[in-house]
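Student: Structure below; questions to follow.
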Amino acid sequence: MNWISNYVRPKINSIFSRREVPDNLWTKCTECGTMLFHRELKAAQNTCPSCEHHMHIAPRARFETLFDGGIFTEIAVDEPQLDPLGFKDQKRYPDRLRDARKKTREADAMLVAEGEIGRTKIIAAAQDFAFMGGSMGMYVGNAIIAAAEAAVTRKCPLVLFSAAGGARMQEGILSLMQMPRTTVAVQMLKEAGLPYIVVLTHPTTGGVTASYAMLGDIQIAEPNALIAFAGTRVIEQTIREKLPEGFQRAEYLLDHGMLDRVTHRLKLKEELVSIIRMLMRDTPPVMGDLPKPDDAPSPEPEAASEQA
């Protein structure tokens, strides 16, 4: 028995061997290729510090940075009938739903919550493009209705973050019916005199753009977000012309009057607070998180010392 090879060398290797490094510590920016450390990326809300490219961010992670202290309460959404058409392509629809729920750990493509931003109560709804392309199905329609009803009940604004590839083909006409349903939900807010603010993120397309995503009192978009109904290639083939550079991007739509603002994700909360308080006819936001000091009377001057 060679005790050096069989005992000493393995013992030394176990002491000085490198520890295993998790694979998810670094993320490559899809725009500029910069390698970003996971803590740095999280602190920047999934935006690249080098090129300011806005990457995908899940609704729950967005809400943790949007609401004061990261505190929010989820609003229940009615579960629709599962697979009403018995749809099957390469996979059965229930199997696709199960895979998407396992991947995102969410019930469907939209999360609804309530909380405060800048000490102002709001209802927020956010779509997750990672859940079947953020497609609009019956659950998404129910979520927007639940958000609108909660906003009317609590008499507070609704802020919606859109990110979708359009209607969900596995639900057919039932998916398309969510366009008028969500339009009615938005009308409920308007009749109640409550603000409805839409933040369009990359990408927002199809029937979502043709309904609730473009009905806001204020339309804000993240930089370079794709916002469209039909794709660029489809339009070019239809009109037989080459479209302008940057067509259907947020900055192009802002220049042509379809948006009110294009705002960096890191500055979005501050801007939303200002807009919401303005629309609610509230006092301007106070910078910082310290309470306003009480108007206490000034202390009386000390009595003069007695003269000898």
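All residue names refer to the structure tokens as shown: chains lettered A, B, ... in order, residues numbered from 1 in each chain, ligands numbered from 1 in order.
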Please list as a list in words every residue within 12 Å of Gly172 in chain A, counting only C-alpha atoms and excluding residues in the same chain fewer than 3 positions away.

Tutor: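 The residues that qualify are Asp83, Pro84, Leu85, Gly86, Phe87, Lys88, Tyr93, Ser135, Met136, Gly137, Met138, Gly166, Ala167, Arg168, Met169, Ser175, Leu176, Met177 and Gln178 of chain A.
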
Student: Write the residues of the selection above to a file with N, CA, C and O atoms, as a tab-separated table (two decimals), in the first residue's frame.

Tutor:
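Final file, result19.tsv:
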```tsv
chain	number	residue	atom	x	y	z
A	83	ASP	N	-57.87	24.92	-18.98
A	83	ASP	CA	-57.91	24.31	-20.31
A	83	ASP	C	-59.34	24.14	-20.83
A	83	ASP	O	-59.80	23.01	-21.09
A	84	PRO	N	-60.07	25.24	-20.99
A	84	PRO	CA	-61.47	25.13	-21.42
A	84	PRO	C	-61.63	24.59	-22.84
A	84	PRO	O	-62.69	24.04	-23.17
A	85	LEU	N	-60.60	24.71	-23.68
A	85	LEU	CA	-60.70	24.25	-25.06
A	85	LEU	C	-60.05	22.88	-25.28
A	85	LEU	O	-60.10	22.35	-26.39
A	86	GLY	N	-59.45	22.30	-24.24
A	86	GLY	CA	-58.74	21.04	-24.42
A	86	GLY	C	-57.63	21.17	-25.44
A	86	GLY	O	-57.44	20.28	-26.28
A	87	PHE	N	-56.87	22.28	-25.37
A	87	PHE	CA	-55.90	22.62	-26.41
A	87	PHE	C	-54.64	21.77	-26.28
A	87	PHE	O	-54.13	21.53	-25.18
A	88	LYS	N	-54.12	21.35	-27.44
A	88	LYS	CA	-52.87	20.60	-27.47
A	88	LYS	C	-52.13	20.93	-28.75
A	88	LYS	O	-52.69	20.87	-29.84
A	93	TYR	N	-51.93	21.89	-22.95
A	93	TYR	CA	-51.94	23.19	-22.27
A	93	TYR	C	-51.72	23.07	-20.76
A	93	TYR	O	-50.93	23.83	-20.19
A	135	SER	N	-48.26	36.10	-21.82
A	135	SER	CA	-49.47	36.09	-22.66
A	135	SER	C	-50.72	36.35	-21.83
A	135	SER	O	-50.83	35.96	-20.67
A	136	MET	N	-51.67	37.03	-22.48
A	136	MET	CA	-52.91	37.44	-21.84
A	136	MET	C	-53.96	36.35	-21.98
A	136	MET	O	-54.50	36.12	-23.06
A	137	GLY	N	-54.24	35.67	-20.87
A	137	GLY	CA	-55.30	34.69	-20.82
A	137	GLY	C	-56.39	35.13	-19.87
A	137	GLY	O	-56.44	36.28	-19.43
A	138	MET	N	-57.26	34.22	-19.52
A	138	MET	CA	-58.37	34.56	-18.63
A	138	MET	C	-57.88	34.96	-17.25
A	138	MET	O	-58.47	35.83	-16.60
A	166	GLY	N	-48.70	39.19	-26.28
A	166	GLY	CA	-50.03	39.22	-26.87
A	166	GLY	C	-50.98	38.27	-26.18
A	166	GLY	O	-50.79	37.89	-25.03
A	167	ALA	N	-52.03	37.89	-26.90
A	167	ALA	CA	-53.05	36.99	-26.36
A	167	ALA	C	-52.51	35.56	-26.28
A	167	ALA	O	-51.57	35.19	-26.99
A	168	ARG	N	-53.11	34.76	-25.41
A	168	ARG	CA	-52.67	33.36	-25.22
A	168	ARG	C	-53.42	32.46	-26.17
A	168	ARG	O	-54.63	32.24	-26.01
A	169	MET	N	-52.72	31.94	-27.14
A	169	MET	CA	-53.36	31.17	-28.21
A	169	MET	C	-54.05	29.91	-27.69
A	169	MET	O	-55.03	29.43	-28.26
A	175	SER	N	-59.33	34.16	-24.76
A	175	SER	CA	-58.23	35.09	-24.51
A	175	SER	C	-58.52	36.46	-25.12
A	175	SER	O	-58.28	37.49	-24.49
A	176	LEU	N	-59.03	36.48	-26.35
A	176	LEU	CA	-59.34	37.75	-27.00
A	176	LEU	C	-60.44	38.51	-26.26
A	176	LEU	O	-60.47	39.75	-26.29
A	177	MET	N	-61.33	37.79	-25.58
A	177	MET	CA	-62.40	38.46	-24.83
A	177	MET	C	-61.86	39.25	-23.64
A	177	MET	O	-62.57	40.08	-23.06
A	178	GLN	N	-60.60	39.01	-23.26
A	178	GLN	CA	-60.02	39.78	-22.15
A	178	GLN	C	-59.75	41.22	-22.56
A	178	GLN	O	-59.61	42.09	-21.68
```

Student: If you run DSSP on the backbone here, which positions in range 112-301 of chain A get alpha helix (DSSP H)? Please write them as a PDB file with N, CA and C atoms, in the first residue's frame.

Tutor:
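Produced file out_19.pdb, reproduced below:
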```pdb
ATOM      1  N   MET A 138     -57.263  34.218 -19.517  1.00  0.00           N
ATOM      2  CA  MET A 138     -58.371  34.555 -18.632  1.00  0.00           C
ATOM      3  C   MET A 138     -57.878  34.963 -17.251  1.00  0.00           C
ATOM      4  N   TYR A 139     -56.787  34.346 -16.784  1.00  0.00           N
ATOM      5  CA  TYR A 139     -56.264  34.718 -15.469  1.00  0.00           C
ATOM      6  C   TYR A 139     -55.805  36.169 -15.463  1.00  0.00           C
ATOM      7  N   VAL A 140     -55.128  36.597 -16.529  1.00  0.00           N
ATOM      8  CA  VAL A 140     -54.671  37.989 -16.610  1.00  0.00           C
ATOM      9  C   VAL A 140     -55.862  38.937 -16.618  1.00  0.00           C
ATOM     10  N   GLY A 141     -56.913  38.581 -17.348  1.00  0.00           N
ATOM     11  CA  GLY A 141     -58.120  39.404 -17.340  1.00  0.00           C
ATOM     12  C   GLY A 141     -58.718  39.501 -15.943  1.00  0.00           C
ATOM     13  N   ASN A 142     -58.798  38.354 -15.250  1.00  0.00           N
ATOM     14  CA  ASN A 142     -59.311  38.368 -13.880  1.00  0.00           C
ATOM     15  C   ASN A 142     -58.420  39.199 -12.954  1.00  0.00           C
ATOM     16  N   ALA A 143     -57.110  39.159 -13.188  1.00  0.00           N
ATOM     17  CA  ALA A 143     -56.172  39.904 -12.343  1.00  0.00           C
ATOM     18  C   ALA A 143     -56.379  41.409 -12.497  1.00  0.00           C
ATOM     19  N   ILE A 144     -56.563  41.870 -13.723  1.00  0.00           N
ATOM     20  CA  ILE A 144     -56.751  43.306 -13.946  1.00  0.00           C
ATOM     21  C   ILE A 144     -58.085  43.757 -13.359  1.00  0.00           C
ATOM     22  N   ILE A 145     -59.112  42.941 -13.490  1.00  0.00           N
ATOM     23  CA  ILE A 145     -60.400  43.284 -12.889  1.00  0.00           C
ATOM     24  C   ILE A 145     -60.277  43.337 -11.364  1.00  0.00           C
ATOM     25  N   ALA A 146     -59.574  42.365 -10.774  1.00  0.00           N
ATOM     26  CA  ALA A 146     -59.366  42.373  -9.326  1.00  0.00           C
ATOM     27  C   ALA A 146     -58.590  43.607  -8.890  1.00  0.00           C
ATOM     28  N   ALA A 147     -57.586  44.010  -9.685  1.00  0.00           N
ATOM     29  CA  ALA A 147     -56.797  45.195  -9.359  1.00  0.00           C
ATOM     30  C   ALA A 147     -57.652  46.456  -9.430  1.00  0.00           C
ATOM     31  N   ALA A 148     -58.480  46.564 -10.476  1.00  0.00           N
ATOM     32  CA  ALA A 148     -59.326  47.747 -10.636  1.00  0.00           C
ATOM     33  C   ALA A 148     -60.359  47.825  -9.519  1.00  0.00           C
ATOM     34  N   GLU A 149     -60.976  46.691  -9.184  1.00  0.00           N
ATOM     35  CA  GLU A 149     -61.973  46.693  -8.109  1.00  0.00           C
ATOM     36  C   GLU A 149     -61.332  47.059  -6.769  1.00  0.00           C
ATOM     37  N   ALA A 150     -60.118  46.554  -6.527  1.00  0.00           N
ATOM     38  CA  ALA A 150     -59.425  46.893  -5.278  1.00  0.00           C
ATOM     39  C   ALA A 150     -59.094  48.378  -5.223  1.00  0.00           C
ATOM     40  N   ALA A 151     -58.678  48.939  -6.362  1.00  0.00           N
ATOM     41  CA  ALA A 151     -58.359  50.369  -6.404  1.00  0.00           C
ATOM     42  C   ALA A 151     -59.599  51.215  -6.143  1.00  0.00           C
ATOM     43  N   VAL A 152     -60.735  50.831  -6.722  1.00  0.00           N
ATOM     44  CA  VAL A 152     -61.974  51.587  -6.513  1.00  0.00           C
ATOM     45  C   VAL A 152     -62.419  51.468  -5.053  1.00  0.00           C
ATOM     46  N   THR A 153     -62.329  50.269  -4.498  1.00  0.00           N
ATOM     47  CA  THR A 153     -62.741  50.066  -3.103  1.00  0.00           C
ATOM     48  C   THR A 153     -61.883  50.871  -2.138  1.00  0.00           C
ATOM     49  N   ARG A 154     -60.575  50.886  -2.383  1.00  0.00           N
ATOM     50  CA  ARG A 154     -59.646  51.579  -1.479  1.00  0.00           C
ATOM     51  C   ARG A 154     -59.419  53.030  -1.869  1.00  0.00           C
ATOM     52  N   GLY A 172     -57.688  30.665 -27.148  1.00  0.00           N
ATOM     53  CA  GLY A 172     -58.471  31.077 -28.293  1.00  0.00           C
ATOM     54  C   GLY A 172     -59.278  32.348 -28.087  1.00  0.00           C
ATOM     55  N   ILE A 173     -60.566  32.300 -28.450  1.00  0.00           N
ATOM     56  CA  ILE A 173     -61.445  33.464 -28.369  1.00  0.00           C
ATOM     57  C   ILE A 173     -61.627  33.926 -26.929  1.00  0.00           C
ATOM     58  N   LEU A 174     -61.491  33.010 -25.970  1.00  0.00           N
ATOM     59  CA  LEU A 174     -61.613  33.386 -24.560  1.00  0.00           C
ATOM     60  C   LEU A 174     -60.493  34.334 -24.148  1.00  0.00           C
ATOM     61  N   SER A 175     -59.332  34.165 -24.764  1.00  0.00           N
ATOM     62  CA  SER A 175     -58.227  35.089 -24.506  1.00  0.00           C
ATOM     63  C   SER A 175     -58.515  36.455 -25.118  1.00  0.00           C
ATOM     64  N   LEU A 176     -59.031  36.480 -26.345  1.00  0.00           N
ATOM     65  CA  LEU A 176     -59.344  37.753 -27.001  1.00  0.00           C
ATOM     66  C   LEU A 176     -60.438  38.513 -26.265  1.00  0.00           C
ATOM     67  N   GLN A 178     -60.605  39.009 -23.256  1.00  0.00           N
ATOM     68  CA  GLN A 178     -60.024  39.778 -22.151  1.00  0.00           C
ATOM     69  C   GLN A 178     -59.746  41.223 -22.558  1.00  0.00           C
ATOM     70  N   MET A 179     -59.671  41.494 -23.845  1.00  0.00           N
ATOM     71  CA  MET A 179     -59.458  42.878 -24.303  1.00  0.00           C
ATOM     72  C   MET A 179     -60.636  43.769 -23.905  1.00  0.00           C
ATOM     73  N   PRO A 180     -61.898  43.424 -24.238  1.00  0.00           N
ATOM     74  CA  PRO A 180     -63.008  44.266 -23.766  1.00  0.00           C
ATOM     75  C   PRO A 180     -63.217  44.198 -22.259  1.00  0.00           C
ATOM     76  N   ARG A 181     -62.951  43.041 -21.644  1.00  0.00           N
ATOM     77  CA  ARG A 181     -63.118  42.938 -20.187  1.00  0.00           C
ATOM     78  C   ARG A 181     -62.184  43.899 -19.453  1.00  0.00           C
ATOM     79  N   THR A 182     -60.927  43.927 -19.864  1.00  0.00           N
ATOM     80  CA  THR A 182     -59.971  44.811 -19.196  1.00  0.00           C
ATOM     81  C   THR A 182     -60.249  46.274 -19.519  1.00  0.00           C
ATOM     82  N   THR A 183     -60.784  46.539 -20.706  1.00  0.00           N
ATOM     83  CA  THR A 183     -61.166  47.911 -21.050  1.00  0.00           C
ATOM     84  C   THR A 183     -62.277  48.416 -20.133  1.00  0.00           C
ATOM     85  N   VAL A 184     -63.233  47.538 -19.826  1.00  0.00           N
ATOM     86  CA  VAL A 184     -64.298  47.896 -18.888  1.00  0.00           C
ATOM     87  C   VAL A 184     -63.724  48.141 -17.495  1.00  0.00           C
ATOM     88  N   ALA A 185     -62.731  47.330 -17.099  1.00  0.00           N
ATOM     89  CA  ALA A 185     -62.106  47.513 -15.787  1.00  0.00           C
ATOM     90  C   ALA A 185     -61.418  48.873 -15.695  1.00  0.00           C
ATOM     91  N   VAL A 186     -60.746  49.285 -16.774  1.00  0.00           N
ATOM     92  CA  VAL A 186     -60.103  50.602 -16.792  1.00  0.00           C
ATOM     93  C   VAL A 186     -61.151  51.712 -16.720  1.00  0.00           C
ATOM     94  N   GLN A 187     -62.294  51.507 -17.382  1.00  0.00           N
ATOM     95  CA  GLN A 187     -63.358  52.495 -17.345  1.00  0.00           C
ATOM     96  C   GLN A 187     -63.909  52.668 -15.935  1.00  0.00           C
ATOM     97  N   MET A 188     -63.909  51.598 -15.127  1.00  0.00           N
ATOM     98  CA  MET A 188     -64.332  51.697 -13.732  1.00  0.00           C
ATOM     99  C   MET A 188     -63.472  52.708 -12.982  1.00  0.00           C
ATOM    100  N   LEU A 189     -62.177  52.680 -13.246  1.00  0.00           N
ATOM    101  CA  LEU A 189     -61.270  53.621 -12.591  1.00  0.00           C
ATOM    102  C   LEU A 189     -61.550  55.048 -13.027  1.00  0.00           C
ATOM    103  N   LYS A 190     -61.778  55.229 -14.307  1.00  0.00           N
ATOM    104  CA  LYS A 190     -62.033  56.577 -14.827  1.00  0.00           C
ATOM    105  C   LYS A 190     -63.323  57.147 -14.250  1.00  0.00           C
ATOM    106  N   GLU A 191     -64.355  56.316 -14.148  1.00  0.00           N
ATOM    107  CA  GLU A 191     -65.620  56.786 -13.580  1.00  0.00           C
ATOM    108  C   GLU A 191     -65.487  57.114 -12.096  1.00  0.00           C
ATOM    109  N   THR A 232     -42.396  44.100 -36.759  1.00  0.00           N
ATOM    110  CA  THR A 232     -41.804  44.929 -37.817  1.00  0.00           C
ATOM    111  C   THR A 232     -41.817  44.214 -39.159  1.00  0.00           C
ATOM    112  N   ARG A 233     -41.466  42.942 -39.160  1.00  0.00           N
ATOM    113  CA  ARG A 233     -41.415  42.191 -40.420  1.00  0.00           C
ATOM    114  C   ARG A 233     -42.791  42.105 -41.069  1.00  0.00           C
ATOM    115  N   VAL A 234     -43.832  41.894 -40.263  1.00  0.00           N
ATOM    116  CA  VAL A 234     -45.191  41.801 -40.806  1.00  0.00           C
ATOM    117  C   VAL A 234     -45.594  43.131 -41.453  1.00  0.00           C
ATOM    118  N   ILE A 235     -45.268  44.243 -40.784  1.00  0.00           N
ATOM    119  CA  ILE A 235     -45.629  45.556 -41.318  1.00  0.00           C
ATOM    120  C   ILE A 235     -44.885  45.839 -42.615  1.00  0.00           C
ATOM    121  N   GLU A 236     -43.591  45.520 -42.645  1.00  0.00           N
ATOM    122  CA  GLU A 236     -42.797  45.771 -43.853  1.00  0.00           C
ATOM    123  C   GLU A 236     -43.291  44.939 -45.032  1.00  0.00           C
ATOM    124  N   GLN A 237     -43.689  43.713 -44.762  1.00  0.00           N
ATOM    125  CA  GLN A 237     -44.217  42.879 -45.838  1.00  0.00           C
ATOM    126  C   GLN A 237     -45.583  43.368 -46.313  1.00  0.00           C
ATOM    127  N   THR A 238     -46.332  43.991 -45.419  1.00  0.00           N
ATOM    128  CA  THR A 238     -47.660  44.475 -45.790  1.00  0.00           C
ATOM    129  C   THR A 238     -47.585  45.761 -46.608  1.00  0.00           C
ATOM    130  N   ILE A 239     -46.810  46.731 -46.141  1.00  0.00           N
ATOM    131  CA  ILE A 239     -46.742  48.026 -46.824  1.00  0.00           C
ATOM    132  C   ILE A 239     -45.635  48.071 -47.877  1.00  0.00           C
ATOM    133  N   ALA A 250     -39.364  52.573 -27.520  1.00  0.00           N
ATOM    134  CA  ALA A 250     -39.952  53.565 -26.625  1.00  0.00           C
ATOM    135  C   ALA A 250     -39.591  54.990 -27.025  1.00  0.00           C
ATOM    136  N   GLU A 251     -38.333  55.243 -27.367  1.00  0.00           N
ATOM    137  CA  GLU A 251     -37.904  56.602 -27.694  1.00  0.00           C
ATOM    138  C   GLU A 251     -38.579  57.108 -28.965  1.00  0.00           C
ATOM    139  N   TYR A 252     -38.775  56.234 -29.942  1.00  0.00           N
ATOM    140  CA  TYR A 252     -39.460  56.613 -31.179  1.00  0.00           C
ATOM    141  C   TYR A 252     -40.919  56.969 -30.889  1.00  0.00           C
ATOM    142  N   LEU A 253     -41.580  56.171 -30.055  1.00  0.00           N
ATOM    143  CA  LEU A 253     -42.976  56.441 -29.722  1.00  0.00           C
ATOM    144  C   LEU A 253     -43.111  57.723 -28.905  1.00  0.00           C
ATOM    145  N   LEU A 254     -42.129  58.011 -28.060  1.00  0.00           N
ATOM    146  CA  LEU A 254     -42.151  59.256 -27.301  1.00  0.00           C
ATOM    147  C   LEU A 254     -42.057  60.455 -28.237  1.00  0.00           C
ATOM    148  N   ASP A 255     -41.172  60.391 -29.221  1.00  0.00           N
ATOM    149  CA  ASP A 255     -41.011  61.482 -30.182  1.00  0.00           C
ATOM    150  C   ASP A 255     -42.267  61.699 -31.016  1.00  0.00           C
ATOM    151  N   ARG A 265     -35.298  52.692 -15.005  1.00  0.00           N
ATOM    152  CA  ARG A 265     -35.912  51.902 -13.932  1.00  0.00           C
ATOM    153  C   ARG A 265     -35.507  52.387 -12.546  1.00  0.00           C
ATOM    154  N   LEU A 266     -34.279  52.841 -12.396  1.00  0.00           N
ATOM    155  CA  LEU A 266     -33.810  53.295 -11.089  1.00  0.00           C
ATOM    156  C   LEU A 266     -34.456  54.611 -10.662  1.00  0.00           C
ATOM    157  N   LYS A 267     -35.007  55.359 -11.603  1.00  0.00           N
ATOM    158  CA  LYS A 267     -35.642  56.637 -11.291  1.00  0.00           C
ATOM    159  C   LYS A 267     -37.167  56.543 -11.329  1.00  0.00           C
ATOM    160  N   LEU A 268     -37.679  55.353 -11.601  1.00  0.00           N
ATOM    161  CA  LEU A 268     -39.106  55.206 -11.849  1.00  0.00           C
ATOM    162  C   LEU A 268     -39.947  55.432 -10.597  1.00  0.00           C
ATOM    163  N   LYS A 269     -39.519  54.897  -9.457  1.00  0.00           N
ATOM    164  CA  LYS A 269     -40.319  55.044  -8.238  1.00  0.00           C
ATOM    165  C   LYS A 269     -40.489  56.516  -7.880  1.00  0.00           C
ATOM    166  N   GLU A 270     -39.407  57.270  -7.915  1.00  0.00           N
ATOM    167  CA  GLU A 270     -39.474  58.694  -7.581  1.00  0.00           C
ATOM    168  C   GLU A 270     -40.441  59.430  -8.507  1.00  0.00           C
ATOM    169  N   GLU A 271     -40.402  59.090  -9.794  1.00  0.00           N
ATOM    170  CA  GLU A 271     -41.299  59.750 -10.745  1.00  0.00           C
ATOM    171  C   GLU A 271     -42.750  59.342 -10.519  1.00  0.00           C
ATOM    172  N   LEU A 272     -42.980  58.072 -10.221  1.00  0.00           N
ATOM    173  CA  LEU A 272     -44.344  57.619  -9.953  1.00  0.00           C
ATOM    174  C   LEU A 272     -44.927  58.311  -8.726  1.00  0.00           C
ATOM    175  N   VAL A 273     -44.122  58.477  -7.688  1.00  0.00           N
ATOM    176  CA  VAL A 273     -44.594  59.160  -6.480  1.00  0.00           C
ATOM    177  C   VAL A 273     -45.026  60.577  -6.816  1.00  0.00           C
ATOM    178  N   SER A 274     -44.225  61.308  -7.574  1.00  0.00           N
ATOM    179  CA  SER A 274     -44.561  62.690  -7.931  1.00  0.00           C
ATOM    180  C   SER A 274     -45.838  62.749  -8.758  1.00  0.00           C
ATOM    181  N   ILE A 275     -45.963  61.858  -9.746  1.00  0.00           N
ATOM    182  CA  ILE A 275     -47.138  61.870 -10.630  1.00  0.00           C
ATOM    183  C   ILE A 275     -48.397  61.494  -9.852  1.00  0.00           C
ATOM    184  N   ILE A 276     -48.309  60.459  -9.020  1.00  0.00           N
ATOM    185  CA  ILE A 276     -49.483  60.010  -8.280  1.00  0.00           C
ATOM    186  C   ILE A 276     -49.973  61.082  -7.322  1.00  0.00           C
ATOM    187  N   ARG A 277     -49.060  61.694  -6.587  1.00  0.00           N
ATOM    188  CA  ARG A 277     -49.476  62.726  -5.634  1.00  0.00           C
ATOM    189  C   ARG A 277     -50.042  63.944  -6.360  1.00  0.00           C
ATOM    190  N   MET A 278     -49.544  64.212  -7.555  1.00  0.00           N
ATOM    191  CA  MET A 278     -50.081  65.322  -8.343  1.00  0.00           C
ATOM    192  C   MET A 278     -51.506  65.009  -8.815  1.00  0.00           C
ATOM    193  N   LEU A 279     -51.711  63.791  -9.333  1.00  0.00           N
ATOM    194  CA  LEU A 279     -53.029  63.418  -9.835  1.00  0.00           C
ATOM    195  C   LEU A 279     -54.050  63.265  -8.717  1.00  0.00           C
TER     196      LEU A 279
END
```

Student: Give the answer as one residue: which of A:Gly246, A:Lys102, A:Asp108, A:Glu241 has the shortest atom-to-atom distance to Asp78 in chain A, using only C-alpha atoms?

Tutor: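 The closest residue to Asp78 in chain A is A:Asp108.
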
Student: DSSP on the backbone, strand (DSSP E or B) only: what residues of range 118-263 of chain A does that give? Format it as a ChimeraX atom specification.

Tutor: /A:120-127,136,158-164,167,196-204,218-221,226-227,249,261-262

Student: Restrict the selected residues to N, CA and C atoms and save them as a compact mmCIF listing (two decimals), in the first residue's frame.

Tutor:
```txt
# COMPACT_ATOMS: atom_id res chain seq x y z
N THR A 120 -47.79 56.74 -0.08
CA THR A 120 -49.06 56.87 -0.78
C THR A 120 -49.54 55.48 -1.17
N LYS A 121 -50.74 55.11 -0.77
CA LYS A 121 -51.27 53.77 -1.05
C LYS A 121 -51.59 53.62 -2.53
N ILE A 122 -51.18 52.50 -3.12
CA ILE A 122 -51.50 52.20 -4.51
C ILE A 122 -51.83 50.72 -4.64
N ILE A 123 -52.45 50.39 -5.77
CA ILE A 123 -52.58 49.01 -6.22
C ILE A 123 -51.66 48.87 -7.42
N ALA A 124 -50.89 47.81 -7.46
CA ALA A 124 -49.96 47.58 -8.57
C ALA A 124 -50.20 46.20 -9.17
N ALA A 125 -50.08 46.12 -10.49
CA ALA A 125 -50.19 44.85 -11.21
C ALA A 125 -49.02 44.78 -12.19
N ALA A 126 -48.37 43.62 -12.26
CA ALA A 126 -47.20 43.47 -13.13
C ALA A 126 -47.26 42.14 -13.84
N GLN A 127 -46.96 42.17 -15.14
CA GLN A 127 -46.90 40.96 -15.94
C GLN A 127 -45.49 40.39 -15.94
N MET A 136 -51.67 37.03 -22.48
CA MET A 136 -52.91 37.44 -21.84
C MET A 136 -53.96 36.35 -21.98
N LEU A 158 -54.12 52.94 -9.60
CA LEU A 158 -53.66 51.64 -10.10
C LEU A 158 -52.47 51.89 -11.02
N VAL A 159 -51.36 51.21 -10.72
CA VAL A 159 -50.16 51.28 -11.56
C VAL A 159 -49.95 49.90 -12.16
N LEU A 160 -49.88 49.82 -13.49
CA LEU A 160 -49.76 48.54 -14.17
C LEU A 160 -48.47 48.49 -14.98
N PHE A 161 -47.71 47.41 -14.82
CA PHE A 161 -46.48 47.17 -15.57
C PHE A 161 -46.77 46.09 -16.61
N SER A 162 -46.74 46.46 -17.87
CA SER A 162 -47.08 45.51 -18.94
C SER A 162 -45.81 44.89 -19.52
N ALA A 163 -45.90 43.62 -19.86
CA ALA A 163 -44.82 42.90 -20.55
C ALA A 163 -45.45 41.65 -21.14
N ALA A 164 -45.72 41.67 -22.44
CA ALA A 164 -46.50 40.57 -23.00
C ALA A 164 -46.21 40.39 -24.48
N ALA A 167 -52.03 37.89 -26.90
CA ALA A 167 -53.05 36.99 -26.36
C ALA A 167 -52.51 35.56 -26.28
N TYR A 196 -54.95 55.96 -13.47
CA TYR A 196 -54.51 54.68 -14.01
C TYR A 196 -53.23 54.95 -14.78
N ILE A 197 -52.12 54.45 -14.26
CA ILE A 197 -50.81 54.73 -14.84
C ILE A 197 -50.24 53.42 -15.38
N VAL A 198 -49.76 53.46 -16.62
CA VAL A 198 -49.20 52.28 -17.26
C VAL A 198 -47.71 52.48 -17.48
N VAL A 199 -46.92 51.49 -17.09
CA VAL A 199 -45.49 51.47 -17.36
C VAL A 199 -45.24 50.32 -18.34
N LEU A 200 -44.90 50.68 -19.58
CA LEU A 200 -44.69 49.67 -20.61
C LEU A 200 -43.23 49.22 -20.58
N THR A 201 -43.03 47.91 -20.40
CA THR A 201 -41.69 47.36 -20.35
C THR A 201 -41.47 46.45 -21.57
N HIS A 202 -40.25 46.03 -21.74
CA HIS A 202 -39.88 45.25 -22.94
C HIS A 202 -40.21 43.77 -22.75
N PRO A 203 -40.95 43.17 -23.73
CA PRO A 203 -41.71 43.81 -24.80
C PRO A 203 -43.18 43.89 -24.41
N THR A 204 -43.91 44.81 -25.03
CA THR A 204 -45.37 44.88 -24.88
C THR A 204 -45.96 44.89 -26.28
N ILE A 218 -51.52 58.26 -17.76
CA ILE A 218 -50.12 58.58 -18.01
C ILE A 218 -49.47 57.32 -18.57
N GLN A 219 -48.74 57.49 -19.67
CA GLN A 219 -48.05 56.37 -20.32
C GLN A 219 -46.55 56.57 -20.15
N ILE A 220 -45.92 55.66 -19.41
CA ILE A 220 -44.48 55.69 -19.19
C ILE A 220 -43.88 54.41 -19.78
N ALA A 221 -42.67 54.49 -20.28
CA ALA A 221 -41.99 53.30 -20.80
C ALA A 221 -40.57 53.26 -20.30
N LEU A 226 -39.62 47.50 -26.55
CA LEU A 226 -40.37 47.25 -27.77
C LEU A 226 -41.86 47.35 -27.46
N ILE A 227 -42.55 48.26 -28.15
CA ILE A 227 -43.98 48.48 -27.93
C ILE A 227 -44.65 48.46 -29.29
N ARG A 249 -39.78 51.34 -30.90
CA ARG A 249 -39.06 51.42 -29.64
C ARG A 249 -39.59 52.61 -28.84
N ARG A 261 -43.57 59.69 -21.11
CA ARG A 261 -42.23 59.70 -20.54
C ARG A 261 -41.51 58.40 -20.89
N VAL A 262 -40.19 58.47 -20.97
CA VAL A 262 -39.32 57.29 -21.00
C VAL A 262 -38.40 57.44 -19.81
```

Student: Residues within 9 Å of range 66-70 of chain A, please, as JSON, numbers by chain. Count only C-alpha atoms; anything in the same chain fewer than 6 positions from it doesn't count.

Tutor: {"A": [114, 115, 116, 117, 118, 119, 268, 269]}

Student: For the residues in the current selection, export N, CA and C atoms as a short mmCIF file (atom, residue, chain, number, x, y, z; two decimals), in the first residue's frame.

Tutor:
```cif
data_model
loop_
_atom_site.label_atom_id
_atom_site.label_comp_id
_atom_site.auth_asym_id
_atom_site.auth_seq_id
_atom_site.Cartn_x
_atom_site.Cartn_y
_atom_site.Cartn_z
N GLU A 114 -50.97 45.30 -3.17
CA GLU A 114 -51.22 46.64 -2.65
C GLU A 114 -50.15 46.99 -1.63
N GLY A 115 -49.87 48.28 -1.54
CA GLY A 115 -48.87 48.76 -0.59
C GLY A 115 -48.72 50.26 -0.74
N GLU A 116 -47.62 50.79 -0.25
CA GLU A 116 -47.38 52.23 -0.31
C GLU A 116 -46.08 52.52 -1.03
N ILE A 117 -46.09 53.59 -1.83
CA ILE A 117 -44.86 54.12 -2.39
C ILE A 117 -44.83 55.61 -2.03
N GLY A 118 -43.75 56.04 -1.43
CA GLY A 118 -43.69 57.42 -0.97
C GLY A 118 -44.81 57.74 0.00
N ARG A 119 -45.19 56.73 0.83
CA ARG A 119 -46.28 56.88 1.81
C ARG A 119 -47.63 57.17 1.16
N LEU A 268 -37.68 55.35 -11.60
CA LEU A 268 -39.11 55.21 -11.85
C LEU A 268 -39.95 55.43 -10.60
N LYS A 269 -39.52 54.90 -9.46
CA LYS A 269 -40.32 55.04 -8.24
C LYS A 269 -40.49 56.52 -7.88
#
```
